[in-house]
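Just start_39.csv here, CSV, C-alpha atoms:
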```csv
chain,number,residue,atom,x,y,z
A,14,GLN,CA,-41.1,11.2,8.9
A,15,VAL,CA,-41.4,9.0,12.0
A,16,GLN,CA,-43.6,10.2,14.8
A,17,LEU,CA,-44.8,8.6,18.0
A,18,VAL,CA,-47.9,10.1,19.5
A,19,GLU,CA,-49.1,9.3,23.0
A,20,SER,CA,-52.6,9.8,24.3
A,21,GLY,CA,-54.7,8.9,27.3
A,22,GLY,CA,-53.2,10.8,30.1
A,23,GLY,CA,-55.1,12.8,32.6
A,24,LEU,CA,-56.1,13.3,36.2
A,25,VAL,CA,-57.2,10.3,38.2
A,26,GLN,CA,-57.9,9.6,41.9
A,27,PRO,CA,-55.7,7.1,43.8
A,28,GLY,CA,-56.8,3.6,43.0
A,29,GLY,CA,-58.1,4.6,39.6
A,30,SER,CA,-57.1,3.4,36.1
A,31,LEU,CA,-55.9,5.0,32.9
A,32,ARG,CA,-54.9,3.5,29.6
A,33,LEU,CA,-52.2,5.2,27.6
A,34,SER,CA,-51.7,4.7,23.8
A,35,CYS,CA,-48.8,5.4,21.6
A,36,ALA,CA,-49.2,5.2,17.8
A,37,ALA,CA,-46.4,5.3,15.3
A,38,SER,CA,-46.6,6.9,11.9
A,39,GLY,CA,-44.2,7.1,9.1
A,40,VAL,CA,-42.9,3.5,9.7
A,41,ARG,CA,-43.3,1.0,7.0
A,42,PHE,CA,-42.7,-2.2,9.0
A,43,ARG,CA,-43.6,-3.7,12.3
A,44,ILE,CA,-41.8,-2.0,15.2
A,45,PHE,CA,-39.9,-4.7,17.0
A,46,ALA,CA,-39.5,-3.3,20.5
A,47,TRP,CA,-41.1,-0.5,22.4
A,48,GLY,CA,-40.7,1.0,25.8
A,49,TRP,CA,-42.8,3.2,28.2
A,50,TYR,CA,-40.8,5.6,30.3
A,51,ARG,CA,-41.9,8.2,32.8
A,52,GLN,CA,-40.3,11.3,34.3
A,53,ALA,CA,-41.5,12.9,37.5
A,54,PRO,CA,-40.6,16.5,38.5
A,55,GLY,CA,-37.0,16.6,39.7
A,56,LYS,CA,-36.3,13.0,38.9
A,57,GLN,CA,-34.6,11.2,36.0
A,58,ARG,CA,-36.6,9.5,33.3
A,59,GLU,CA,-37.1,5.8,34.2
A,60,LEU,CA,-38.2,2.8,32.3
A,61,VAL,CA,-41.6,1.6,33.3
A,62,ALA,CA,-42.3,-1.2,30.9
A,63,ALA,CA,-40.9,-2.7,27.7
A,64,ILE,CA,-42.1,-5.2,25.1
A,65,THR,CA,-40.0,-7.2,22.7
A,66,ILE,CA,-40.6,-8.7,19.2
A,67,THR,CA,-41.7,-11.9,20.8
A,68,ASP,CA,-44.2,-10.0,23.0
A,69,SER,CA,-42.2,-10.6,26.1
A,70,THR,CA,-42.8,-7.9,28.6
A,71,ASN,CA,-40.7,-6.5,31.5
A,72,TYR,CA,-41.8,-4.1,34.2
A,73,ALA,CA,-40.2,-1.9,36.8
A,74,ASP,CA,-40.7,-3.3,40.2
A,75,SER,CA,-42.7,-0.3,41.2
A,76,VAL,CA,-45.5,-1.1,38.7
A,77,LYS,CA,-45.4,-4.9,38.6
A,78,GLY,CA,-48.9,-6.3,39.0
A,79,ARG,CA,-50.5,-3.0,38.4
A,80,PHE,CA,-49.4,-2.0,34.8
A,81,THR,CA,-49.8,-4.1,31.7
A,82,MET,CA,-48.2,-3.3,28.3
A,83,SER,CA,-49.6,-4.6,25.1
A,84,ARG,CA,-49.3,-4.0,21.4
A,85,ASP,CA,-51.3,-4.0,18.2
A,86,ASN,CA,-48.9,-4.8,15.4
A,87,ALA,CA,-51.4,-4.0,12.6
A,88,LYS,CA,-51.6,-0.5,13.9
A,89,ASN,CA,-48.0,-0.1,15.1
A,90,THR,CA,-49.5,1.0,18.4
A,91,VAL,CA,-48.7,0.1,22.0
A,92,TYR,CA,-50.8,0.5,25.1
A,93,LEU,CA,-50.1,0.8,28.8
A,94,GLN,CA,-53.0,-0.2,31.1
A,95,MET,CA,-52.4,1.3,34.5
A,96,ASN,CA,-54.5,0.1,37.4
A,97,SER,CA,-54.4,0.8,41.1
A,98,LEU,CA,-52.7,4.1,40.4
A,99,LYS,CA,-50.8,5.8,43.3
A,100,PRO,CA,-49.8,9.4,43.7
A,101,GLU,CA,-46.2,8.3,43.1
A,102,ASP,CA,-47.1,7.3,39.6
A,103,THR,CA,-47.6,11.0,38.8
A,104,ALA,CA,-45.3,11.8,35.9
A,105,VAL,CA,-45.0,12.6,32.2
A,106,TYR,CA,-45.2,9.3,30.4
A,107,TYR,CA,-43.2,8.8,27.1
A,108,CYS,CA,-43.2,6.0,24.6
A,109,HIS,CA,-40.0,5.0,22.9
A,110,ALA,CA,-39.0,3.0,19.9
A,111,PRO,CA,-35.5,2.3,18.5
A,112,LEU,CA,-35.8,2.7,14.7
A,113,TYR,CA,-33.3,3.1,11.9
A,114,GLY,CA,-30.5,3.2,14.4
A,115,LYS,CA,-32.1,6.1,16.3
A,116,ASP,CA,-34.1,6.6,19.4
A,117,TYR,CA,-37.6,8.0,18.8
A,118,TRP,CA,-39.7,9.4,21.6
A,119,GLY,CA,-43.3,10.6,21.8
A,120,GLN,CA,-44.1,14.1,23.1
A,121,GLY,CA,-45.2,12.8,26.4
A,122,THR,CA,-48.6,12.6,28.2
A,123,GLN,CA,-49.2,13.9,31.7
A,124,VAL,CA,-50.5,11.5,34.3
A,125,THR,CA,-51.6,13.0,37.6
A,126,VAL,CA,-52.8,10.8,40.5
A,127,SER,CA,-54.4,12.9,43.2
A,128,SER,CA,-57.4,13.1,45.3
```
Is it possible to express this structure as structure tokens?
Amino acid sequence: QVQLVESGGGLVQPGGSLRLSCAASGVRFRIFAWGWYRQAPGKQRELVAAITITDSTNYADSVKGRFTMSRDNAKNTVYLQMNSLKPEDTAVYYCHAPLYGKDYWGQGTQVTVSS
């Protein structure tokens, strides 16, 4: 059974940093592409960052220069390093991977940026 499990969320002050992790289990091959999404209260889920099989990354304009996505293929794990956090980054963050013709999502991890 495929599972994606996020960790690393929490409460941080503006300007602070957090590192999110998402680990896949039940997958017997290297996951080609991953995405990090977020959903703030009352808003639609949006793509924050994505990484391809060639390790090419793309970021939403709102996080460029502040967030960095990376991967550990041996562990089938991806990370999202978030620096210079702003209150508007507050949301539930989800990782996503397309596998076996389906979309798999993690359970989400809350990130709250507040003083």
Just the residues within 7 Å of stretch 120-127 of chain A, please, counting all atoms listed in the file, with nothing from its chain fewer than 5 positions along; format it as a list in words.
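Contacts, with the query itself left out: Val18, Glu19, Ser20, Gly22, Gly23, Leu24, Val25, Gln26, Pro27, Leu98, Lys99, Pro100, Asp102, Thr103, Ala104, Val105, Tyr106 and Tyr107 of chain A.
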Using all atoms listed in the file, pick whichever of A:Gly114, A:Ser128, A:His109, A:Ile66 has the shortest atom-to-atom distance to A:Trp49.
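Looking at the shortest contact to A:Trp49, the residue is A:His109.
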Taking all atoms listed in the file into account, which of A:Lys56, A:Arg51, A:Lys88, A:Lys115 comes nearest A:Cys35?
A:Lys88
In Å, rounded to a single decimal, give me how far atom CA of A:Ala87 is from atom CA of A:Ser30.
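That distance, rounded to one decimal, is 25.3 Å.
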Do you have the atom CA of A:Phe45-atom CA of A:Met95 distance handy?
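Distance between the two atoms: 22.3 Å.
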For A:Asp116, list every protein, DNA or RNA residue within 12 Å, evaluated using all atoms listed in the file, and leave out those in the same chain fewer than 2 positions away; present the list as a count of residues only.
15
Using all atoms listed in the file, collect all residues at a distance of at most 8 Å from (-56.5, 2.4, 25.8) as written in the file, then present them as a PyMOL selection string.
chain A and resi 21+31-34+92-94
Would you mind telling me which residue in A:Gln52, A:Gly29, A:Asp85, A:Ser38 lies nearest to A:Gln14 when using all atoms listed in the file?
A:Ser38
